[in-house]
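**Q** Handing you this structure, nothing more for now.
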Amino acid sequence: MADVVWRDEADGGLDLVELNPPDPWLTDPREAQALSAGEVTITYLTHACMELKLGSRTMMFDPWLTGPAFARGWWLLHEPPSDWQNRLCSADIIYISHMHSDHLSYPTLKILSERRPDLPIYVGDTSRPVFWYLENSGVTLTNVNVVPFGIWKNVDEHLRFMILMDGVHPEMDTCIIVEYKGHMILNTVDCTRPNGGRLPHGVDLMMSDFAGGASGFPMTFHGGRYTEQWKADFIKNERKKLLNYKAQLVQSLRPKIYCPFAGYFVEAHPSDRYIKETNTKNGPDELNALIRKNCNGVTTWTPKPGSILDLGVALKDPSCRDAITDPPSDAKIYKDSWDFDLYVQDLNSAIEDAIFKHKSWPAFYYTWAGFKDYNLVIRVIETDDDFNPVPGGYDYLVDFQDLSFPSSRPAREHPYEEIKNRIGVMRHVVKTGLLWDDLYIGFQNRLSRDPDIYHHRFWNHFQTQLPTTPPDWDRFLQEMEANLPPDAGSPCVLS
């Protein structure tokens with residue numbers, strides 16, 4: 001039977017995608033050659049960003065090195081090395097695994113674009129392009145390369161890499177195998193089931209996420225079963241399951257060295273103190289201890305910003321003191337300040353945009369979004385940072401059965417969700433046509449639902465399938481100025 005992964009279809013269904021061949025890294029195999037000290041080094045910078053020196057080449061993974069991710073919800077836990085800008089702009093190759101902003105960081109890439117706009121960046125051929133927002137981001141990059149899945153990309157005579165899709169989220173998630181002189185480095189990043197579960201065994205270095213906590217569920221939910229105790233019990237159980245899954249994956253793949261990364265973020269903004277306190281995460285040392293207990297012979301590495309793994313030395317003798325170099329004793333490990341005002345003010349600048357002076361903007365926006373013919377009614381409420389309704393803010397219903405905007409909930413039986421969004425983030429998302437991950441994964445809303453069920457079609461659409469071009473707000477304003485009717489009926493604003 002062929003190996004397959006599931007792919008979301010536009011109608012909300014699922015489609016099978018065959019992995020052919022299922023083990024593409026076995027194509028054109030290469031014998032491992034001896035590595036000299038310093039020939040292959042891996043330096044941890046922060047979160048999911050690793051710098052790989054591979055002979056004469058330097059490759060960087062997922063550079064999120066400044067600014068927030070998911071609007072204003074995630075901030076870097078670790079302080080990257082002070083020379084991170086030079087490191088970034090000196091790389092030969094950058095791999096970006098997927099479109100989430102803790103991996104594709106436009107604040108970081110803006111700095112790159114000012115010095116090296118032509119630096120080669122490689123991404124997988126996902127159904128939603130990784131760089132779908134580039135044209136409207138204000139960042140200029142001229143050398144973005146989309147690579148087919150399961151094909152070796154040769155860099156030089158010794159170095160090549162292969163990008164693979166995720167088996168659960170093939171529309172956006174990818175992972176990568178980097179091979180140098182026959183030595184493989186496997187980075188599964190955030191993939192839930194990388195390559196449908198088919199991965200190389202015995203790689204020299206494996207790295208993966210570990211922390212959990214990358215979702216608004218259940219911390220941002222209230223009502224019904226969502227008591228503080230239920231949330232705490234759920235989170236504890238889910239983190240334990242993730243920890244065991246990662247340990248079992250390492251046990252089955254038997255890499256020589258394992259490194260947990262891509263989980264070093266913090267909900268640092270003062271308004272998100274509740275999330276920071278309740279959204280507990282797995283620790284890297286906790287996972288590494290479990291791996292050492294269950295996987296005899298696997299060396300583990302808990303990285304610190306600026307710490308360096310010398311692969312050649314570590315493979316010969318993992319206990320050698322030169323295998324891992326820690327950062328200087330006076331190096332700053334954890335961030336203790338962030339440029340909150342700079343980024344929050346930028347988001348909040350959307351609040352006074354001319355779009356929102358017209359009550360028909362929700363109809364224009366949701367028509368653009370293109371989601372309908374689904375029995376769901378939502379109530380959207382604009383709030384302040386504490387999720388209290390903003391005086392004069394919008395409060396409206398959307399009935400996705402016929403994409404109408406009623407003044408009250410319809411008489412027919414229907415599922416219902418109430419979504420309170422921080423006004424600055426919501427209006428920024430609406431104005432720019434960004435995905436709702438900024439709201440949901442970024443902890444920028446509070447939700448309740450009746451009945452308490454997950455509407456996959458709705459959330460999948462607004463998180464992964466919105467149009468790749470933003471709403472034409474210029475046309476909307478022209479219509480308003482000409483006093484022409486909008487594309488759909490105006491919503492009834494409840495407050």
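Ordering of the structure tokens sets the chain letters (A, B, ...); residue numbers start at 1 within each chain; ligands are numbered from 1 in the order shown.
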Excluding same-chain residues fewer than 4 positions from Gly202 of chain A, what lies within 9 Å of it counting only C-alpha atoms, as a list in words?
**A**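 Surrounding residues, per the criterion: Met184, Leu253, Arg254, Pro255 and Lys256 of chain A.
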**Q** Within 12 Å of Tyr454 of chain A, counting only C-alpha atoms, which residues qualify if same-chain residues fewer than 4 places away don't, as a list in words?
**A**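 Non-adjacent residues within range: Phe217, Pro218, Phe221, Leu376, Pro415, Tyr416, Glu417, Leu447, Ser448, Arg449, Asp450, Phe458, Trp459 and Asn460 of chain A.
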**Q** Do you have, as a tab-separated table, the list of residues of segment 200-315 of chain A lying at most 10 Å from segment 324-332 of chain A, each with its nearest atom pair and that distance in Å to one decimal, counting only C-alpha atoms and ordered by chain then number?
**A**
residue	atom	partner	partner_atom	distance
A:Trp301	CA	A:Ile324	CA	8.4
A:Pro303	CA	A:Asp326	CA	8.4
A:Lys304	CA	A:Pro327	CA	7.2
A:Pro305	CA	A:Pro327	CA	6.9
A:Gly306	CA	A:Pro327	CA	5.2
A:Ser307	CA	A:Asp326	CA	4.5
A:Ile308	CA	A:Thr325	CA	5.0
A:Leu309	CA	A:Ile324	CA	4.6
A:Asp310	CA	A:Ile324	CA	6.2
A:Leu311	CA	A:Ile324	CA	8.8
A:Val313	CA	A:Ile324	CA	8.7
A:Ala314	CA	A:Ile324	CA	7.6
**Q** Export all heavy atoms of the chosen residues as an mmCIF file, in the first residue's frame?
**A**
data_model
loop_
_atom_site.group_PDB
_atom_site.id
_atom_site.type_symbol
_atom_site.label_atom_id
_atom_site.label_comp_id
_atom_site.auth_asym_id
_atom_site.auth_seq_id
_atom_site.Cartn_x
_atom_site.Cartn_y
_atom_site.Cartn_z
ATOM 1 N N TRP A 301 21.272 17.426 23.421
ATOM 2 C CA TRP A 301 21.858 18.767 23.508
ATOM 3 C C TRP A 301 20.745 19.759 23.794
ATOM 4 O O TRP A 301 19.807 19.890 23.013
ATOM 5 C CB TRP A 301 22.548 19.108 22.179
ATOM 6 C CG TRP A 301 23.065 20.515 22.063
ATOM 7 C CD1 TRP A 301 23.558 21.302 23.057
ATOM 8 C CD2 TRP A 301 23.123 21.308 20.865
ATOM 9 N NE1 TRP A 301 23.934 22.527 22.561
ATOM 10 C CE2 TRP A 301 23.687 22.562 21.223
ATOM 11 C CE3 TRP A 301 22.775 21.072 19.530
ATOM 12 C CZ2 TRP A 301 23.896 23.575 20.294
ATOM 13 C CZ3 TRP A 301 22.981 22.089 18.607
ATOM 14 C CH2 TRP A 301 23.540 23.323 18.979
ATOM 15 N N PRO A 303 20.209 23.505 23.845
ATOM 16 C CA PRO A 303 20.981 24.646 23.352
ATOM 17 C C PRO A 303 20.749 25.928 24.145
ATOM 18 O O PRO A 303 19.686 26.146 24.711
ATOM 19 C CB PRO A 303 20.481 24.803 21.921
ATOM 20 C CG PRO A 303 19.049 24.365 21.993
ATOM 21 C CD PRO A 303 19.016 23.258 23.019
ATOM 22 N N LYS A 304 21.773 26.753 24.169
ATOM 23 C CA LYS A 304 21.691 28.112 24.682
ATOM 24 C C LYS A 304 22.110 29.052 23.551
ATOM 25 O O LYS A 304 22.881 28.658 22.679
ATOM 26 C CB LYS A 304 22.615 28.295 25.889
ATOM 27 C CG LYS A 304 22.304 27.380 27.062
ATOM 28 C CD LYS A 304 23.342 27.541 28.165
ATOM 29 C CE LYS A 304 23.092 26.576 29.312
ATOM 30 N NZ LYS A 304 24.140 26.675 30.362
ATOM 31 N N PRO A 305 21.623 30.288 23.561
ATOM 32 C CA PRO A 305 21.972 31.194 22.458
ATOM 33 C C PRO A 305 23.482 31.343 22.300
ATOM 34 O O PRO A 305 24.182 31.702 23.250
ATOM 35 C CB PRO A 305 21.326 32.517 22.871
ATOM 36 C CG PRO A 305 20.249 32.143 23.824
ATOM 37 C CD PRO A 305 20.727 30.930 24.543
ATOM 38 N N GLY A 306 23.971 31.021 21.118
ATOM 39 C CA GLY A 306 25.397 31.108 20.855
ATOM 40 C C GLY A 306 26.165 29.832 21.120
ATOM 41 O O GLY A 306 27.360 29.753 20.810
ATOM 42 N N SER A 307 25.515 28.815 21.674
ATOM 43 C CA SER A 307 26.205 27.543 21.901
ATOM 44 C C SER A 307 26.402 26.819 20.563
ATOM 45 O O SER A 307 25.590 26.936 19.652
ATOM 46 C CB SER A 307 25.440 26.668 22.888
ATOM 47 O OG SER A 307 24.158 26.332 22.399
ATOM 48 N N ILE A 308 27.511 26.077 20.480
ATOM 49 C CA ILE A 308 27.929 25.480 19.210
ATOM 50 C C ILE A 308 28.146 23.986 19.383
ATOM 51 O O ILE A 308 28.853 23.543 20.298
ATOM 52 C CB ILE A 308 29.237 26.119 18.703
ATOM 53 C CG1 ILE A 308 29.087 27.643 18.588
ATOM 54 C CG2 ILE A 308 29.650 25.526 17.361
ATOM 55 C CD1 ILE A 308 30.397 28.365 18.353
ATOM 56 N N LEU A 309 27.536 23.217 18.504
ATOM 57 C CA LEU A 309 27.775 21.778 18.422
ATOM 58 C C LEU A 309 28.730 21.525 17.259
ATOM 59 O O LEU A 309 28.439 21.906 16.126
ATOM 60 C CB LEU A 309 26.466 21.028 18.204
ATOM 61 C CG LEU A 309 26.581 19.529 17.886
ATOM 62 C CD1 LEU A 309 27.007 18.756 19.124
ATOM 63 C CD2 LEU A 309 25.281 18.983 17.335
ATOM 64 N N ASP A 310 29.868 20.893 17.552
ATOM 65 C CA ASP A 310 30.800 20.480 16.502
ATOM 66 C C ASP A 310 30.474 19.033 16.153
ATOM 67 O O ASP A 310 30.760 18.115 16.930
ATOM 68 C CB ASP A 310 32.244 20.608 16.994
ATOM 69 C CG ASP A 310 33.258 20.389 15.879
ATOM 70 O OD1 ASP A 310 33.087 19.413 15.110
ATOM 71 O OD2 ASP A 310 34.223 21.164 15.783
ATOM 72 N N LEU A 311 29.841 18.841 15.003
ATOM 73 C CA LEU A 311 29.296 17.531 14.674
ATOM 74 C C LEU A 311 30.401 16.477 14.549
ATOM 75 O O LEU A 311 30.249 15.354 15.034
ATOM 76 C CB LEU A 311 28.471 17.606 13.394
ATOM 77 C CG LEU A 311 27.673 16.344 13.043
ATOM 78 C CD1 LEU A 311 26.666 16.026 14.144
ATOM 79 C CD2 LEU A 311 26.946 16.514 11.710
ATOM 80 N N VAL A 313 33.361 16.297 15.945
ATOM 81 C CA VAL A 313 33.899 15.946 17.261
ATOM 82 C C VAL A 313 32.874 15.144 18.049
ATOM 83 O O VAL A 313 33.205 14.130 18.689
ATOM 84 C CB VAL A 313 34.306 17.217 18.033
ATOM 85 C CG1 VAL A 313 34.725 16.871 19.467
ATOM 86 C CG2 VAL A 313 35.434 17.946 17.305
ATOM 87 N N ALA A 314 31.612 15.570 18.014
ATOM 88 C CA ALA A 314 30.566 14.900 18.792
ATOM 89 C C ALA A 314 30.340 13.471 18.315
ATOM 90 O O ALA A 314 30.049 12.578 19.125
ATOM 91 C CB ALA A 314 29.263 15.686 18.713
#
**Q** Could you please write out, as a PyMOL selection string, every residue of segment 127-175 of chain A that DSSP assigns to strand (DSSP E)?
**A** chain A and resi 144-147+153-154+159-165+174-175
**Q** Quick one: residues within 9 Å of Ala262 of chain A, only C-alpha atoms, excluding same-chain residues fewer than 3 positions away - as a list of chain:residue names?
**A**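 Listed by chain and then number, they are A:Thr46, A:His47, A:Ala48, A:Cys49, A:Asp102, A:His103, A:Val189, A:Asp190, A:Met207, A:Ser208, A:Asp209, A:Phe210, A:Ala211, A:Phe265.
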**Q** Between A:His414, A:Ile96, A:His455, A:Met50, which one has atoms that come closest to Pro260 of chain A, using only C-alpha atoms?
**A**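 Closest to Pro260 of chain A, using only C-alpha atoms: A:Met50.
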**Q** Which neighbours of Ile423 of chain A fall inside 7 Å, counting only C-alpha atoms, when residues of the same chain fewer than 4 positions from it are skipped, and could you give them as a list in words?
**A**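 Within the cut-off, the hits are Ile351, Glu382, Thr383, Asp384 and Arg427 of chain A.
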**Q** Can you pull out every residue within 10 Å of Thr300 of chain A, counting only C-alpha atoms, but drop anything in the same chain fewer than 6 positions away, and send it as JSON, numbers by chain?
**A** {"A": [205, 206, 207, 255, 256, 257, 258, 259, 260, 284, 285, 287, 288, 289, 291, 292, 318]}
**Q** How many Å separate atom CA of Ala268 of chain A from atom CA of Lys281 of chain A?
**A**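 That distance, rounded to one decimal, is 14.4 Å.
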**Q** Which one of A:Asn445, A:Asn294, A:Ser137, A:Ser90 sits closest to Thr469 of chain A if you count only C-alpha atoms?
**A** A:Ser137
**Q** For Asn421 of chain A, please output as a PyMOL selection string all residues within 12 Å (counting only C-alpha atoms; exclusion window: fewer than 4 positions along the same chain).
**A** chain A and resi 220+379-390+393-395+425-430+436+438-440+442-447
**Q** Could you pull out the helix (DSSP H, G or I) residues of segment 72-266 of chain A, going by DSSP on the backbone, and write them as a count of residues only?
**A** 50
**Q** Using only C-alpha atoms, pick whichever of A:Trp75, A:Tyr44, A:Tyr226, A:Phe61 has the shortest atom-to-atom distance to Asp336 of chain A.
**A**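 Ranking A:Trp75, A:Tyr44, A:Tyr226, A:Phe61 by distance to Asp336 of chain A, first place goes to A:Trp75.
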